[in-house]
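Data from data-v7.txt: compact mmCIF, C-alpha atoms
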# COMPACT_ATOMS: atom_id res chain seq x y z
CA MET A 1 37.35 4.14 90.82
CA SER A 2 39.43 1.99 88.52
CA GLU A 3 38.36 -1.39 87.23
CA LEU A 4 40.02 -4.53 88.44
CA GLN A 5 41.77 -6.28 85.55
CA VAL A 6 41.95 -10.06 85.75
CA THR A 7 43.89 -12.00 83.12
CA ALA A 8 43.82 -15.81 82.98
CA GLU A 9 45.30 -16.87 79.66
CA PRO A 10 44.50 -20.26 78.14
CA GLY A 11 47.10 -22.96 78.70
CA VAL A 12 49.17 -20.93 81.17
CA PRO A 13 48.93 -21.77 84.91
CA GLN A 14 48.88 -18.14 85.91
CA VAL A 15 46.46 -15.40 86.92
CA LEU A 16 47.41 -11.73 86.64
CA THR A 17 45.45 -8.90 88.23
CA SER A 18 45.94 -5.17 88.37
CA ARG A 19 44.06 -2.44 90.17
CA GLU A 20 44.75 1.26 90.64
CA LEU A 21 44.15 2.81 94.05
CA ASP A 22 43.80 6.50 94.81
CA ALA A 23 46.48 6.63 97.51
CA PRO A 24 50.28 6.91 97.74
CA LEU A 25 52.37 3.76 97.73
CA ALA A 26 53.51 4.11 101.36
CA LEU A 27 49.92 3.95 102.56
CA VAL A 28 48.95 1.07 100.25
CA TYR A 29 51.97 -0.88 101.47
CA ARG A 30 50.89 -0.35 105.08
CA ALA A 31 47.40 -1.67 104.23
CA PHE A 32 48.96 -4.80 102.73
CA THR A 33 51.45 -5.49 105.50
CA GLU A 34 50.00 -4.33 108.85
CA PRO A 35 47.76 -7.18 110.03
CA GLU A 36 45.24 -4.90 111.77
CA LEU A 37 44.79 -2.98 108.48
CA LEU A 38 44.85 -6.08 106.25
CA ALA A 39 42.03 -7.64 108.30
CA GLN A 40 39.85 -4.61 107.53
CA TRP A 41 39.78 -5.09 103.77
CA LEU A 42 40.92 -8.52 102.51
CA GLY A 43 38.01 -10.68 101.42
CA PRO A 44 34.30 -10.01 101.01
CA ARG A 45 32.66 -7.95 103.75
CA LYS A 46 30.31 -10.83 104.65
CA TYR A 47 33.27 -12.80 106.03
CA SER A 48 35.02 -12.10 109.26
CA MET A 49 38.78 -12.14 108.92
CA THR A 50 41.12 -13.44 111.61
CA ILE A 51 44.86 -13.18 111.14
CA ASP A 52 46.63 -15.89 113.14
CA ARG A 53 50.14 -14.88 112.24
CA TYR A 54 51.79 -12.48 109.86
CA ASP A 55 55.56 -12.70 110.23
CA LEU A 56 56.63 -10.23 107.56
CA ARG A 57 60.21 -11.31 106.76
CA ASP A 58 62.10 -13.72 104.52
CA GLY A 59 60.98 -17.20 105.60
CA GLY A 60 58.26 -15.83 107.88
CA THR A 61 54.87 -17.54 107.81
CA TRP A 62 51.38 -16.12 107.59
CA ARG A 63 47.93 -17.58 108.23
CA TYR A 64 44.44 -16.14 108.14
CA VAL A 65 40.90 -17.49 108.33
CA HIS A 66 37.75 -16.21 106.62
CA ALA A 67 34.52 -17.22 108.41
CA ASP A 68 30.85 -16.63 107.70
CA ASP A 69 27.85 -16.28 110.05
CA ALA A 70 26.78 -19.90 109.43
CA GLY A 71 29.98 -21.21 111.04
CA ASN A 72 31.85 -22.08 107.85
CA ALA A 73 35.53 -21.20 107.91
CA TRP A 74 38.26 -21.19 105.30
CA GLY A 75 41.91 -21.07 106.31
CA PHE A 76 44.86 -20.00 104.18
CA HIS A 77 48.54 -20.00 104.92
CA GLY A 78 51.92 -19.52 103.31
CA VAL A 79 55.49 -18.31 103.59
CA PHE A 80 57.15 -15.03 102.63
CA HIS A 81 60.09 -15.40 100.27
CA GLY A 82 62.66 -12.59 100.35
CA ASP A 83 62.15 -9.57 102.58
CA PRO A 84 58.83 -7.93 101.72
CA SER A 85 59.33 -4.28 100.75
CA PRO A 86 57.38 -1.46 99.06
CA ALA A 87 58.89 -2.74 95.82
CA GLY A 88 56.99 -5.99 96.22
CA ILE A 89 55.99 -9.04 98.20
CA VAL A 90 56.62 -12.67 97.20
CA GLN A 91 54.77 -15.39 99.08
CA THR A 92 53.34 -18.85 98.73
CA PHE A 93 49.59 -19.28 99.11
CA GLU A 94 47.72 -22.43 100.08
CA PHE A 95 44.01 -22.96 100.75
CA GLU A 96 43.77 -25.37 103.66
CA GLY A 97 40.83 -27.09 101.98
CA ALA A 98 43.23 -28.30 99.27
CA PRO A 99 46.53 -29.05 101.00
CA GLY A 100 49.55 -29.36 98.75
CA HIS A 101 48.01 -27.12 96.09
CA VAL A 102 50.25 -24.11 96.40
CA SER A 103 50.51 -20.99 94.30
CA MET A 104 53.37 -18.52 94.29
CA ASP A 105 52.10 -14.97 94.48
CA THR A 106 54.04 -11.86 93.61
CA VAL A 107 52.55 -8.47 94.50
CA ALA A 108 54.15 -5.39 92.92
CA PHE A 109 53.37 -1.74 93.75
CA GLU A 110 53.94 1.19 91.44
CA GLU A 111 53.23 4.83 92.30
CA HIS A 112 52.36 7.49 89.73
CA ASP A 113 50.87 10.94 90.40
CA GLY A 114 49.93 10.04 93.96
CA LYS A 115 48.09 6.90 92.86
CA THR A 116 49.30 3.35 93.23
CA THR A 117 48.86 0.44 90.88
CA VAL A 118 48.87 -2.97 92.53
CA ARG A 119 49.78 -5.87 90.26
CA THR A 120 49.53 -9.49 91.34
CA ASN A 121 50.92 -12.53 89.59
CA SER A 122 49.81 -15.94 90.87
CA VAL A 123 51.56 -18.98 89.42
CA PHE A 124 49.90 -22.37 90.03
CA GLN A 125 51.28 -25.91 89.74
CA SER A 126 49.16 -26.69 86.68
CA VAL A 127 46.46 -25.19 84.48
CA GLN A 128 43.94 -27.50 86.20
CA ALA A 129 44.98 -26.23 89.62
CA ARG A 130 44.65 -22.65 88.39
CA ASP A 131 41.22 -23.33 86.92
CA ALA A 132 40.05 -25.09 90.10
CA MET A 133 41.14 -22.13 92.20
CA VAL A 134 39.46 -19.61 89.94
CA ASP A 135 36.38 -21.84 89.74
CA SER A 136 36.11 -22.01 93.53
CA GLY A 137 35.73 -18.24 93.54
CA MET A 138 38.26 -18.16 96.39
CA ALA A 139 36.86 -19.75 99.53
CA GLY A 140 33.32 -20.04 98.25
CA GLY A 141 32.87 -16.31 97.70
CA MET A 142 30.84 -16.98 94.55
CA SER A 143 29.05 -14.13 92.91
CA GLU A 144 27.61 -12.27 95.85
CA GLY A 145 29.30 -9.14 94.60
CA TYR A 146 26.02 -7.59 93.57
CA GLU A 147 25.03 -7.43 97.22
CA ARG A 148 28.05 -5.23 97.83
CA LEU A 149 27.33 -3.18 94.73
CA ASP A 150 23.80 -2.50 95.96
CA GLU A 151 25.20 -1.44 99.31
CA LEU A 152 27.69 0.88 97.65
CA LEU A 153 25.04 2.40 95.40
CA ALA A 154 22.73 2.93 98.38
CA LYS A 155 25.56 4.69 100.22
CA LEU A 156 26.28 6.87 97.20
CA ALA A 157 22.60 7.74 96.87
CA ALA A 158 22.37 8.61 100.56
CA ASN A 159 25.39 10.92 100.29
CA SER A 160 24.20 12.79 97.23
CA MET B 161 30.80 -26.31 84.97
CA MET B 162 33.06 -26.27 81.96
CA VAL B 163 35.98 -28.60 81.55
CA ALA B 164 39.40 -26.99 81.30
CA ASP B 165 39.93 -27.90 77.62
CA GLN B 166 36.71 -26.18 76.63
CA LEU B 167 37.62 -23.09 78.61
CA ASP B 168 41.02 -23.04 76.94
CA ALA B 169 39.38 -23.23 73.52
CA VAL B 170 36.99 -20.38 74.41
CA PHE B 171 39.70 -18.12 75.80
CA GLY B 172 42.04 -18.99 72.91
CA ALA B 173 39.30 -18.08 70.45
CA LEU B 174 38.63 -14.79 72.25
CA ALA B 175 42.31 -13.83 72.33
CA ASP B 176 42.19 -12.55 68.73
CA PRO B 177 40.73 -9.08 67.91
CA THR B 178 39.39 -10.18 64.50
CA ARG B 179 37.52 -13.08 66.10
CA ARG B 180 36.09 -10.77 68.77
CA SER B 181 34.89 -8.42 66.01
CA ILE B 182 33.28 -11.37 64.22
CA LEU B 183 31.42 -12.33 67.41
CA THR B 184 30.29 -8.74 67.89
CA ARG B 185 28.96 -8.70 64.33
CA LEU B 186 27.12 -12.00 64.94
CA THR B 187 25.28 -10.53 67.94
CA GLU B 188 23.26 -8.64 65.27
CA GLY B 189 22.32 -11.90 63.53
CA GLU B 190 23.61 -14.65 61.25
CA ALA B 191 26.01 -13.76 58.45
CA THR B 192 27.81 -15.25 55.47
CA VAL B 193 31.60 -15.47 55.19
CA ALA B 194 31.58 -12.63 52.65
CA GLU B 195 29.54 -10.45 54.98
CA LEU B 196 31.87 -11.19 57.87
CA ALA B 197 34.97 -10.51 55.75
CA ALA B 198 33.70 -7.15 54.44
CA PRO B 199 34.87 -4.91 57.34
CA PHE B 200 38.36 -6.46 57.45
CA HIS B 201 41.37 -6.16 55.18
CA VAL B 202 41.76 -9.93 55.09
CA SER B 203 40.77 -12.62 52.60
CA GLN B 204 37.68 -14.81 52.91
CA PRO B 205 39.88 -17.92 53.49
CA ALA B 206 41.48 -16.07 56.43
CA ILE B 207 38.02 -15.32 57.83
CA SER B 208 37.08 -18.98 57.29
CA ARG B 209 40.06 -20.02 59.42
CA HIS B 210 38.89 -17.67 62.19
CA LEU B 211 35.39 -19.13 61.92
CA LYS B 212 36.79 -22.66 62.33
CA VAL B 213 38.52 -21.61 65.56
CA LEU B 214 35.28 -20.07 66.84
CA GLU B 215 33.32 -23.17 65.85
CA ARG B 216 35.75 -25.51 67.64
CA ALA B 217 35.36 -23.39 70.78
CA GLY B 218 31.58 -23.80 70.46
CA LEU B 219 31.12 -20.04 70.15
CA ILE B 220 29.42 -20.24 66.77
CA SER B 221 27.53 -22.83 64.77
CA ARG B 222 27.45 -22.93 60.98
CA THR B 223 24.67 -23.91 58.62
CA ARG B 224 24.40 -24.03 54.85
CA ARG B 225 21.82 -22.13 52.81
CA ALA B 226 22.12 -22.84 49.08
CA THR B 227 25.82 -22.17 48.39
CA ALA B 228 26.37 -19.84 51.35
CA ARG B 229 27.57 -20.92 54.78
CA LEU B 230 25.94 -18.96 57.55
CA SER B 231 27.49 -18.41 60.96
CA HIS B 232 25.41 -18.04 64.13
CA LEU B 233 26.50 -16.92 67.56
CA ARG B 234 26.21 -19.44 70.40
CA ALA B 235 26.15 -17.53 73.63
CA GLU B 236 26.30 -20.34 76.23
CA PRO B 237 30.10 -21.02 76.22
CA LEU B 238 30.69 -17.27 76.44
CA ARG B 239 28.40 -17.02 79.43
CA GLN B 240 30.12 -19.97 81.12
CA ALA B 241 33.54 -18.44 80.51
CA THR B 242 32.33 -15.21 82.12
CA VAL B 243 30.86 -17.04 85.12
CA TRP B 244 34.12 -18.96 85.53
CA LEU B 245 36.01 -15.78 86.39
CA ALA B 246 33.16 -14.04 88.23
CA GLY B 247 33.75 -15.49 91.70
CA TYR B 248 37.48 -14.77 91.62
CA ARG B 249 36.84 -11.27 90.30
CA ASP B 250 34.20 -10.66 92.99
CA TYR B 251 36.56 -11.67 95.76
CA TRP B 252 39.24 -9.26 94.63
CA GLU B 253 36.96 -6.45 93.50
CA GLN B 254 35.20 -6.52 96.86
CA SER B 255 38.55 -6.58 98.64
CA TYR B 256 39.86 -3.63 96.63
CA GLU B 257 36.64 -1.65 97.25
CA ARG B 258 37.12 -2.13 100.96
CA LEU B 259 40.83 -1.27 100.64
CA GLU B 260 39.93 1.97 98.87
CA GLU B 261 37.58 2.94 101.71
CA LEU B 262 40.27 2.12 104.28
CA LEU B 263 42.92 4.12 102.38
CA ALA B 264 40.57 7.12 102.19
CA THR B 265 40.02 6.94 105.97
CA LEU B 266 43.77 6.63 106.64
CA GLN B 267 44.49 9.59 104.35
CA GLU B 268 41.86 11.71 106.11
CA GLN B 269 43.46 10.91 109.46
CA GLU B 270 46.92 11.86 108.14
CA THR B 271 45.68 15.12 106.65
CA GLY B 272 43.90 15.96 109.89
CA ARG B 273 47.15 15.57 111.81
CA SER B 274 49.65 17.38 109.59
CA ARG B 275 47.39 19.95 107.84
CA PRO B 276 49.54 20.38 104.72
CA GLY B 277 48.81 22.71 101.81
CA ASP B 278 48.06 26.03 103.53
CA PRO B 279 46.25 27.89 100.71
CA THR B 280 47.80 31.28 101.62
CA GLY B 281 51.26 29.88 100.93
CA ARG B 282 50.39 28.73 97.41
CA SER B 283 52.26 30.31 94.54
CA THR B 284 50.10 31.88 91.83
CA SER B 285 52.79 32.01 89.14
Using structure tokens, write down the structure that the file contains.
Amino acid sequence: MSELQVTAEPGVPQVLTSRELDAPLALVYRAFTEPELLAQWLGPRKYSMTIDRYDLRDGGTWRYVHADDAGNAWGFHGVFHGDPSPAGIVQTFEFEGAPGHVSMDTVAFEEHDGKTTVRTNSVFQSVQARDAMVDSGMAGGMSEGYERLDELLAKLAANS
Amino acid sequence: MMVADQLDAVFGALADPTRRSILTRLTEGEATVAELAAPFHVSQPAISRHLKVLERAGLISRTRRATARLSHLRAEPLRQATVWLAGYRDYWEQSYERLEELLATLQEQETGRSRPGDPTGRSTS
């Protein structure tokens, strides 16, 4: 499994990520663009994911909501810019808890030897807005990753 | 929580490979400028400039012993900078882990349907 790379340079209102996936581009693109597939992986497992709309075309809007067992919910919405294609997806992204704070996200896919590298580029309105977004851990998903790691390790141990 | 200016100073300080090497060296204990300069092909004044950047970012503190200036590592800003990104990283790392599981399942389903790669048809040349 490849490591997720996250780059947030000082003084630049931008966050770059890249991650390699062991699957061909066509399949990765489906997972990013078919709502029923997207809902199965986007966000931490502890949240339920409801996709309200996902109108995959130039000017089409999208909205989804993460919710936890305690009844907290976090909504996000945005607009697709240009027709999304396996070459890439451009969209705006707004957390409904901070209306008016919008980032522009570009997702690019690149296939090599049957694997696909996903690169994201999020541009914020200011360095402060970028830092606030990163600080929030995206919808309050702070640092419970070790839970998931434990789960994964337990699964690996059970299979070996 | 760190203020943005401090974070900028920390990340700016960490952006340079020589400064990262200096910090790595300081994890073993305090050192003089001459000791820090020894592994690099750069002058002591150049190392001093790097140390000033690290000091401004709060990553090291400097004390004087006789004529030597000693540098010490200060771990707290480094820890805060790491924590700053942790939540964002977690969100995406967890998402990508789930995506990888989903892609594996989808690929299994596809292989099950089309059954490609009949081993008897494989060329041995």
Which neighbours of segment 211-228 of chain B fall inside 7 Å, counting all atoms listed in the file, when residues of the same chain fewer than 3 positions from it are skipped, and could you give them as a PyMOL selection string? chain B and resi 166+169-170+173+192+207-208+231-235+237-238
Nearby residues (all atoms listed in the file) at most 7 Å from Val118 of chain A, same-chain spacing under 5 positions excluded, as a list in words: Ser18, Arg19, Glu20, Val107, Ala108, Phe109 and Glu110 of chain A
Could those selected residues go to a file with C-alpha atoms, as a JSON list (two decimals), in the frame of the given file?
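Just written: out07.json:
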[["chain", "number", "residue", "atom", "x", "y", "z"],
["A", 18, "SER", "CA", 45.94, -5.17, 88.37],
["A", 19, "ARG", "CA", 44.06, -2.44, 90.17],
["A", 20, "GLU", "CA", 44.75, 1.26, 90.64],
["A", 107, "VAL", "CA", 52.55, -8.47, 94.50],
["A", 108, "ALA", "CA", 54.15, -5.39, 92.92],
["A", 109, "PHE", "CA", 53.37, -1.74, 93.75],
["A", 110, "GLU", "CA", 53.94, 1.19, 91.44]]
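Within the 10 Å cut-off around Glu257 of chain B, using all atoms listed in the file and omitting residues fewer than 2 positions from it on the same chain, the listed residues are Met1, Ser2, Leu4, Leu21, Trp41, Leu42, Pro44, Arg45, Arg148, Leu149 and Leu152 of chain A; Trp252, Glu253, Gln254, Ser255, Leu259, Glu260, Glu261, Leu262 and Leu263 of chain B.
Counting only C-alpha atoms and comparing B:Thr271, B:Gly172, B:Ala191, B:Ser203, the residue that lies closest to chain A is B:Gly172.
Across the model, the gap from atom CA of Glu195 of chain B to atom CA of Leu230 of chain B is 9.6 Å.
Distance annotation: of B:Asp176, B:Asp250, B:Glu270, B:Asp165, the residue with the minimal separation from chain A is B:Asp250; atom set is all atoms listed in the file.
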Shell of 7 Å around Tyr54 of chain A, all atoms listed in the file, local chain residues under 6 positions omitted, as a PyMOL selection string: chain A and resi 35+61-63
Any idea what's packed within 7 Å of Asp58 of chain A, counting all atoms listed in the file, ignoring anything in its chain fewer than 2 positions away? Could you give it as an MDAnalysis selection string? chainID A and resid 60 80:83
Interatomic distance between atom CA of Lys46 of chain A and atom CA of Trp74 of chain A? 13.1 Å
Correct to one decimal, the distance atom CA of Ala264 of chain B-atom CA of Leu27 of chain A is 9.9 Å
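Minimum atom-to-atom distances from B:Gly272, B:Gln267, B:Leu167, B:Gly247 to chain A were compared using all atoms listed in the file, and the lowest value belongs to B:Gly247.
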So, with all atoms listed in the file as the atoms that count, which of A:Ala73, A:Val134, A:Ile89, A:Val123 lies closest to chain B? A:Val134
Have a look at B:Glu268, B:Ala246, B:Thr178, B:Val202 and name the one nearest to chain A; count all atoms listed in the file. B:Ala246
Which is closest to chain A among B:Ala197, B:Leu245, B:Leu186, B:Ala206, if we use all atoms listed in the file?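 Going through B:Ala197, B:Leu245, B:Leu186, B:Ala206 one by one, the smallest distance to chain A is for B:Leu245.
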